[in-house]
Every structure is written in structure tokens, then in C-alpha cells.
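Below: one structure, written as C-alpha cells.
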Amino acid sequence: MSTLRPSTVAVHEEEDAKVAALNHQDLDAGALFVLKSKGSWVHSGYHLTTSIVAPPLLSLPYAFTFLGWTAGILCLVIGALVTFYSYNLISLVLEHHAQLGRRHLRFRDMAHDILGPKWGRYFVGPIQFMVCYGAVVACTLLGGQCMKAIYLLSNPNGTMKLYEFVIIFGCFMLILAQIPSFHSLRHINLISLVLCIAYSACATAASIHIGSSSKAPEKDYSLTGNSEDRIFGMFNAIAIIATTYGNGIIPEIQATIAPPVKGKMFKGLCVCYTVVTVTFFSVAISGYWAFGNKAEGLILTNFLDNGNPLVPKWFILMTNVFTILQLSAVGVVYLQPTNEVLERTFGDAGSAEFSGRNAVPRLISRSLSVVISTTIAAMLPFFGDINAVIGAFGFMPLDFILPVVFFNLTFKPSKKSPIFWLNIIIAVVFSILGGIAAIAAVRQISLDAKNYRLFANV
């Protein structure tokens, strides 16, 4: 047996190489140039971590203000377990189809093959594009807000407006957007992994320091508001947590892995969720412990009391710098599905990647894409409310519902098996939660609408 095994492995690898070569001939420009399959499982871990462990995790203490200790921690644990499970299911489905000679490189390709052409073209494709492009706009806006926070800390009487900082951040994104492929981001995403641990550690340390000091606000963990506000607040909090765990680009990340792909994505997910566990729980628990129901939408805001820093000024500046740098990496990662669509539309798979035929349309289309996202972020500084709706309509289906549906339709487990019913329960429960969270998000928009102004300096 021991003498046969190496040759068996070699045969499998040779078959994978043949499949990869065959698929390579049929690839369009988007898949060929943007979704290059050259990475290792370690690289997939970097991409996964950047796409999930992002600055929205600094909103987790705020989500706890609507849930309290028990429900808050329970929702964090359930979110981690369900998304880790769902992302593994997608990976297994992708591996299965790759072994059959049909390697899917995009979410819409999976939907096209498993659910039918119309599902891929009219449902999954548009939803994924909306979620990912919405994430790019949100990163640009949040980056501008962090830059403005640094500016006001250094110059309290400064007159620069939020949209000016959004434009500055957008210019930085304009440069990063020209990085040719998803695989090319692997080194940036390694730095991003270090940065997310750094600002999470800073946020946790600052919360513990302030919570233990004489400057600490009175700790009140009671749920505020009337019964209607509490109910809608609870579903808003669930949407925040779901969006924080959201990814939406698992197939595209797995597409960056060189064949054979079997088992590699699981290792990447283990890297990612190690970081998730350390960062999400430390920031959420320490932030809510320190500030209770006074935790702000972004926990960094709590480190200032009427403009006066509660921790050393340099510490707040450093935390914001870490956050801004990682936001640029997150924004570029979520720009990849848009880049792939643009490359497929305007590129030519028959010409060299860096030929004039491909380089000029790439530069123009990607630049235009970033200019549009930056303009939206500058015009709509209340985009966070809109993004909550996008999260409810987008992340819930892509990350919680479709993975279990894909698994059941692909592997057809027995209706008597626990995994079949577990998947059905997850799909039903998160469909209901997604619908209610969308209603809660729309309600929040209607409540905040009176404060909306284009290019507002908030």
C-alpha cells in the first residue's frame, strides 16, 4: 500500500493540472486576470481575514447595548459557529465541482450551475455586486471619518469638512485599485491581518484602561427605550453582528488557490477564525464592560469625552492610523468582484494581461469605479443606514442561506440525516431574521431621514 500511495497522489495532481489547463482555455478576461489561481492556503487565510475582520467590528459594543450581556455573547457565538460552518459548506461544494471538472471561480457561477442560469444572472450576481460595492463605499466613508477624527484631535478648531477627507481617502484607494489581481493582494492582506489585531488590541486596552479609571462613565447595562424601540434595536443589533461576520466573496477567495484545492480553504478558515475569536470577543466584551449602554456606534468615539481624550492623544492617533490603513486593504478586497466584472466586460482574454489593449481599459474602468464610490461616500455620509439595508438583503442570503441550500442540492443528504435538517433550520431562521432586519433598517432610515443632507459634515 505504501508504494502505491505516492503514485495515486501524483495521478490526482496530474488530473487536477489537466482540469486546470482545460479550464484556463475557457476563461474570460475577468477570471483569467483578476482571479488567478496561484495562491496557497496561507494566502487564502490572509484574504479571508481581511474580508471578515474589518473595522465594523468596532461597532460590536454598540450592538451589545441593544442585546445585553447574555444575548450579545450568545449572538456572537452563534454568528461565529454558523458562518464558519456555512463557509466550509461553500468550500466543500466548490471542491466537489472542481473534482468533477467544473471549477467555479465566482459566486454567480455556482448559482448558475446549481440553481439555474436566471438565479446567477438576476439574483446572486446583482446582490453580490451590491454588497461588495456597498462595502467599498462604506470603507471610503469610514476612512474619511477616521481621518477627520485625527485632524480634529490635532486641530480642534479646524475647518476642513468630512467630504474633503473622504476624497483624500478615495485618492489613496484610486492607487490601490490598480493592483492587477486578487492574488497580488496577498502581501497587503498579511499586513492587514497584523493591523486588525493591532487596532483591536488598542481598542481593548483603551476600554479596559478607561473602564478601570476614575474617568469611567457610570456603568449601566440596562436596555433603554420603550418596548418597540427595544425590539427593533435587537434586530438592528443582529443585523450589525451578521454584517460584521459577513463575507460574500468565498468563491472568489477560493478561486485564488492553486489546484488541487482540496482541504486548503478549511486551513485558511481556521487561520481567519482564530483572529476572529481573538478580536471580535475582546473588543465587544471590553467595550461594553467599560461603557455599558453608552457605547457609541464606533467604540473609538467613546475614547473622547466632549473632545477631551480619556487616553493619551498619541494612542488615539495610532489606533485611528491602524484603522485607516486596514480600511484601504478591506476596500480593495471588496473591489475585486467589481474589477472582475469590468475586466470581463472591457478586457480581451486573447491579448496579454499588460498589453495596451487590456491595460488602458483597466486603468480607466477601475479609476471610474473608485471615483463613483468616493462620490457616493462624500455625498451620503449617512450611508451606514443604507448599508444596514444592503447587509440585511445581501449578507444574509450570501453567507447564511445560500451555502446550506447549495450543499443540500449538491450532495443531496438523506431527509432523515441531521445535517439536512440543520441546513433547513439555518436557511429558514436566517431568512426570517434577514426580512425582519431589513424592516428594522428601513425604519431606522425613516427615523434618521430628517437629519440627511448631501455632503453633510457629520
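Naming scheme: A, B, ... for chains in displayed order of the C-alpha cells; residues 1 onward per chain; ligands 1 onward as shown.
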**OP:** Would you kindly return, as JSON, numbers by chain, each protein, DNA or RNA residue with an atom no farther than 8 Å from any atom of Ile90 of chain A, considering only C-alpha atoms and excluding same-chain residues fewer than 5 positions away?
**Re:** {"A": [250, 251, 403, 404, 406, 407]}
Keeping only C-alpha atoms, write the selected residues as a compact mmCIF listing (two decimals), in the first residue's frame.
# COMPACT_ATOMS: atom_id res chain seq x y z
CA ILE A 250 -15.88 33.00 -0.52
CA PRO A 251 -15.88 31.52 -4.08
CA PRO A 403 -24.41 27.94 1.43
CA VAL A 404 -26.77 25.45 3.09
CA PHE A 406 -26.11 24.78 -2.27
CA PHE A 407 -24.90 21.93 -0.03
Original post:
Val124 of chain A: which residues within 12 Å, counting only C-alpha atoms, same-chain residues fewer than 6 positions away excluded, as a PyMOL selection string?
Top reply: chain A and resi 106-118+130-132+248-249+393-399+401-403
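Proximity ranking of A:Ser59, A:Ser446, A:Asn457, A:Thr323 relative to Thr140 of chain A places A:Thr323 first, based on only C-alpha atoms.
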Run DSSP on the backbone and grab whatever in segment 259-442 of chain A lands in strand (DSSP E or B); send it over as a PDB file with N, CA, C and O atoms, in the first residue's frame.
ATOM      1  N   LEU A 304     -13.150  59.757  23.587  1.00  0.00           N
ATOM      2  CA  LEU A 304     -13.170  61.207  23.760  1.00  0.00           C
ATOM      3  C   LEU A 304     -14.388  61.593  24.577  1.00  0.00           C
ATOM      4  O   LEU A 304     -15.492  61.090  24.346  1.00  0.00           O
ATOM      5  N   ASP A 305     -14.223  62.489  25.530  1.00  0.00           N
ATOM      6  CA  ASP A 305     -15.327  62.992  26.343  1.00  0.00           C
ATOM      7  C   ASP A 305     -15.435  64.498  26.098  1.00  0.00           C
ATOM      8  O   ASP A 305     -14.622  65.273  26.613  1.00  0.00           O
ATOM      9  N   ASN A 308     -12.298  65.854  24.822  1.00  0.00           N
ATOM     10  CA  ASN A 308     -11.104  65.622  25.663  1.00  0.00           C
ATOM     11  C   ASN A 308     -10.757  64.135  25.663  1.00  0.00           C
ATOM     12  O   ASN A 308     -11.596  63.300  26.025  1.00  0.00           O
ATOM     13  N   PRO A 309      -9.539  63.779  25.264  1.00  0.00           N
ATOM     14  CA  PRO A 309      -9.157  62.357  25.212  1.00  0.00           C
ATOM     15  C   PRO A 309      -9.083  61.737  26.604  1.00  0.00           C
ATOM     16  O   PRO A 309      -8.543  62.339  27.532  1.00  0.00           O
TER      17      PRO A 309
END
**OP:** Compile the contact shell of Asn320 of chain A as a ChimeraX atom specification: residues with an atom at most 8 Å away, counting only C-alpha atoms, same-chain residues fewer than 2 positions apart removed.
**Re:** /A:146-147,149-150,199,316-318,322-324
Original post:
Residues of segment 115-230 of chain A in alpha helix (DSSP H) according to DSSP, as a PyMOL selection string?
Top reply: chain A and resi 117-119+125-154+162-176+186-212+227-230
Subject >> Leu342 of chain A environment, 8 Å, only C-alpha atoms, sequence neighbours closer than 5 positions dropped, as a PyMOL selection string >> reply: chain A and resi 30+347+362+365-366
Subject >> Contact residues around Asp220 of chain A with only C-alpha atoms at 9 Å, ignoring same-chain residues under 6 positions, as a ChimeraX atom specification >> reply: /A:291-294
Per residue of segment 300-338 of chain A within 9 Å of segment 203-206 of chain A, which atom pair is closest and at what distance in Å (one decimal), using only C-alpha atoms, listed by chain and increasing number, as CSV?
residue,atom,partner,partner_atom,distance
A:Leu300,CA,A:Ala203,CA,7.1
A:Phe303,CA,A:Ala206,CA,7.5
A:Leu310,CA,A:Ala206,CA,8.6
A:Val311,CA,A:Ala206,CA,6.7
A:Phe315,CA,A:Ala206,CA,8.5
A:Ile316,CA,A:Ala206,CA,8.8
A:Thr319,CA,A:Ala203,CA,7.4
Please, could you write that set of residues out with C-alpha atoms as a PDB file, in the first residue's frame?
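Ended up saving to out.pdb:
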ATOM      1  CA  LEU A 300     -13.244  54.836  19.225  1.00  0.00           C
ATOM      2  CA  PHE A 303     -12.335  57.486  23.928  1.00  0.00           C
ATOM      3  CA  LEU A 310      -9.596  59.782  28.006  1.00  0.00           C
ATOM      4  CA  VAL A 311      -6.397  58.020  26.929  1.00  0.00           C
ATOM      5  CA  PHE A 315      -2.729  56.372  21.458  1.00  0.00           C
ATOM      6  CA  ILE A 316      -5.966  57.510  19.776  1.00  0.00           C
ATOM      7  CA  THR A 319      -5.402  53.423  16.703  1.00  0.00           C
TER       8      THR A 319
END
